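J.: Before we start, here is the structure in question, set down as structure tokens.
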Amino acid sequence: LPENYVVRNGIRDVPKVAITVDDGFGHEMIRAIHELSVAEDFPITWFMVGTLIKPEDKELWDEIIAHGSEIGNHTWKHSRLLKFSLENGRVQVCKTQERIDEVLGYHYPLRLLRPPYGEYKNKEKDFLPIFKQYGVERVILWDVSQTDPYQAIKDVQNGSILLYHTRQADYEC
């Protein structure tokens, strides 16, 4: 695997940050966050749980992609991967890819993956080769996870990857 396969932040000498949103609970919250990103002209990387990608949300996902945002894989059920076998890890990645393709009506490669809780490797298991096998180009973690906007501003640096979720408190931040 490439040395930079797991990413916790971007380049520190470039004044940019990445906004990422995890999970996918609630069509209304996804729409509100998307509309904010359009109004403020910033793309988002959406790490979605496969079970939460619904066929009735196709139009919204089409809008999100058209805006320049990207959809990433956050596993099928948001399970702690390290509690499962490597085979279950394959299923978690593969089923999410299948669902997004089914909903969109074409193959949309989920190039990025965020493992739930940032867990992907321990002494007994390493899911990184499985992610790579299923087309994941980068595993994206984060360096700022904060819904208090004043603390988030203090924590942000050039290259920060900000972690938010599809919930009201994060939207308000």
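The way I read the labels, and the way they are meant: chains A, B, ... in the order of the structure tokens, residue 1 as the first residue of every chain, and ligand 1 as the first ligand shown, with later ones counted on from there.
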Taking 2 positions as the minimum chain separation for residues in the same chain, which residues sit within 7 Å of segment 93-106 of chain A when counting only C-alpha atoms? Answer as an MDAnalysis selection string.

T.: chainID A and resid 50 53:55 58 73 75:76 89:91 108 110 134

J.: Using DSSP secondary structure from the backbone, list all alpha helix (DSSP H) positions within chain A, as number ranges by chain.

T.: A: 27-39, 58-66, 86-104, 128-133, 149-155, 168-172

J.: Could you find all residues in segment 44-153 of chain A that DSSP calls strand (DSSP E) from the backbone, and write them as a compact mmCIF listing (two decimals) with all heavy atoms, in the first residue's frame?

T.:
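This went into part.txt:
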```
# COMPACT_ATOMS: atom_id res chain seq x y z
N THR A 45 -17.18 16.02 1.24
CA THR A 45 -17.04 14.59 1.03
C THR A 45 -17.98 13.92 2.01
O THR A 45 -17.86 14.09 3.22
CB THR A 45 -15.59 14.12 1.26
OG1 THR A 45 -14.73 14.85 0.37
CG2 THR A 45 -15.46 12.63 0.98
N TRP A 46 -18.94 13.19 1.46
CA TRP A 46 -19.99 12.52 2.23
C TRP A 46 -19.60 11.06 2.42
O TRP A 46 -19.51 10.31 1.44
CB TRP A 46 -21.32 12.57 1.48
CG TRP A 46 -21.85 13.94 1.25
CD1 TRP A 46 -21.52 14.79 0.23
CD2 TRP A 46 -22.80 14.62 2.05
NE1 TRP A 46 -22.22 15.95 0.36
CE2 TRP A 46 -23.01 15.89 1.46
CE3 TRP A 46 -23.51 14.29 3.20
CZ2 TRP A 46 -23.91 16.81 1.99
CZ3 TRP A 46 -24.39 15.21 3.73
CH2 TRP A 46 -24.59 16.45 3.13
N PHE A 47 -19.36 10.64 3.65
CA PHE A 47 -19.07 9.24 3.95
C PHE A 47 -20.35 8.59 4.45
O PHE A 47 -20.74 8.77 5.60
CB PHE A 47 -17.94 9.12 4.98
CG PHE A 47 -16.61 9.52 4.41
CD1 PHE A 47 -16.07 10.76 4.65
CD2 PHE A 47 -15.91 8.63 3.60
CE1 PHE A 47 -14.84 11.12 4.11
CE2 PHE A 47 -14.69 8.97 3.05
CZ PHE A 47 -14.16 10.23 3.31
N MET A 48 -20.99 7.84 3.54
CA MET A 48 -22.32 7.33 3.81
C MET A 48 -22.34 5.85 4.18
O MET A 48 -21.61 5.04 3.61
CB MET A 48 -23.21 7.55 2.59
CG MET A 48 -23.46 9.01 2.28
SD MET A 48 -24.41 9.88 3.56
CE MET A 48 -23.12 10.72 4.46
N GLU A 70 -18.31 14.74 -3.22
CA GLU A 70 -17.99 13.34 -3.47
C GLU A 70 -18.63 12.47 -2.41
O GLU A 70 -18.78 12.87 -1.26
CB GLU A 70 -16.47 13.14 -3.45
CG GLU A 70 -16.04 11.75 -3.79
CD GLU A 70 -14.56 11.61 -4.07
OE1 GLU A 70 -13.81 12.56 -3.83
OE2 GLU A 70 -14.16 10.53 -4.53
N ILE A 71 -18.99 11.25 -2.82
CA ILE A 71 -19.53 10.27 -1.89
C ILE A 71 -18.44 9.25 -1.61
O ILE A 71 -17.80 8.75 -2.53
CB ILE A 71 -20.78 9.58 -2.47
CG1 ILE A 71 -21.84 10.60 -2.85
CG2 ILE A 71 -21.34 8.57 -1.45
CD1 ILE A 71 -22.99 10.03 -3.66
N GLY A 72 -18.25 8.95 -0.33
CA GLY A 72 -17.30 7.94 0.09
C GLY A 72 -18.00 6.84 0.85
O GLY A 72 -19.16 6.96 1.24
N ASN A 73 -17.30 5.77 1.08
CA ASN A 73 -17.82 4.58 1.74
C ASN A 73 -17.61 4.68 3.25
O ASN A 73 -16.51 4.98 3.70
CB ASN A 73 -17.09 3.36 1.18
CG ASN A 73 -17.76 2.05 1.47
OD1 ASN A 73 -18.33 1.86 2.53
ND2 ASN A 73 -17.65 1.13 0.52
N LEU A 112 -12.98 6.74 -1.83
CA LEU A 112 -12.56 7.07 -0.48
C LEU A 112 -13.38 6.26 0.52
O LEU A 112 -14.56 5.98 0.28
CB LEU A 112 -12.75 8.56 -0.22
CG LEU A 112 -12.10 9.50 -1.23
CD1 LEU A 112 -12.44 10.95 -0.90
CD2 LEU A 112 -10.60 9.29 -1.29
N LEU A 113 -12.77 5.94 1.64
CA LEU A 113 -13.46 5.19 2.68
C LEU A 113 -13.05 5.76 4.03
O LEU A 113 -11.89 6.08 4.26
CB LEU A 113 -13.09 3.71 2.62
CG LEU A 113 -13.79 2.82 3.65
CD1 LEU A 113 -14.21 1.51 3.01
CD2 LEU A 113 -12.92 2.56 4.86
N ARG A 138 -8.02 5.82 -1.05
CA ARG A 138 -7.51 6.43 0.18
C ARG A 138 -8.49 6.15 1.32
O ARG A 138 -9.71 6.18 1.14
CB ARG A 138 -7.38 7.95 0.07
CG ARG A 138 -6.37 8.44 -0.91
CD ARG A 138 -4.96 8.39 -0.34
NE ARG A 138 -3.99 8.94 -1.23
CZ ARG A 138 -3.40 8.30 -2.24
NH1 ARG A 138 -3.72 7.06 -2.49
NH2 ARG A 138 -2.50 8.88 -2.99
N VAL A 139 -7.93 5.93 2.50
CA VAL A 139 -8.71 5.87 3.74
C VAL A 139 -8.56 7.25 4.37
O VAL A 139 -7.44 7.71 4.62
CB VAL A 139 -8.18 4.75 4.66
CG1 VAL A 139 -8.88 4.80 6.01
CG2 VAL A 139 -8.39 3.39 4.00
N ILE A 140 -9.68 7.89 4.62
CA ILE A 140 -9.68 9.27 5.10
C ILE A 140 -10.11 9.30 6.56
O ILE A 140 -11.23 8.91 6.89
CB ILE A 140 -10.62 10.16 4.27
CG1 ILE A 140 -10.31 10.05 2.77
CG2 ILE A 140 -10.56 11.60 4.75
CD1 ILE A 140 -8.92 10.53 2.37
```

J.: Fewer than 5 positions away in the same chain doesn't count, so skip those; otherwise give me all residues within 12 Å of segment 150-155 of chain A, counting only C-alpha atoms, as a list in words.

T.: Val17, Ile19, Trp142, Asp143, Val144, Ser145, Ser160, Ile161, Leu162, Leu163, Tyr164, Asp170 and Cys173 of chain A

J.: From the list A:Ala39, A:Leu1, A:Leu141, A:Val136, which residue is nearest Val21 of chain A when using only C-alpha atoms?

T.: A:Leu141

J.: Hey, what's within 9 Å of Leu128 of chain A if we count only C-alpha atoms and toss same-chain stuff fewer than 2 positions away? As a PyMOL selection string, please?

T.: chain A and resi 1+5-6+120-121+126+130-133+139

J.: Using only C-alpha atoms for the distances, tell me which of A:Glu56, A:Asp23, A:Phe42, A:Asp62 is nearest to Ser79 of chain A.

T.: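 Nearest to Ser79 of chain A: A:Asp23.
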
J.: With distances taken over only C-alpha atoms, which residue among A:Val49, A:Val38, A:Ile11, A:Val156 lies nearest His74 of chain A?

T.: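 Smallest distance to His74 of chain A is found for A:Val49.
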
J.: At a cut-off of 12 Å, using only C-alpha atoms, what residues contact Glu35 of chain A? Leave out same-chain residues fewer than 3 positions from it and give the result as a PyMOL selection string.

T.: chain A and resi 28-32+38-44+60+63-64+67+69+171

J.: Given the choices A:Gln146, A:Asn158, A:Lys77, A:Ala169, which gets closest to Asp13 of chain A if the distance is worked out from only C-alpha atoms?

T.: A:Asn158

J.: Using only C-alpha atoms, which residue out of A:Asn9, A:Thr147, A:Thr51, A:Thr20 lies closest to His78 of chain A?

T.: A:Thr51
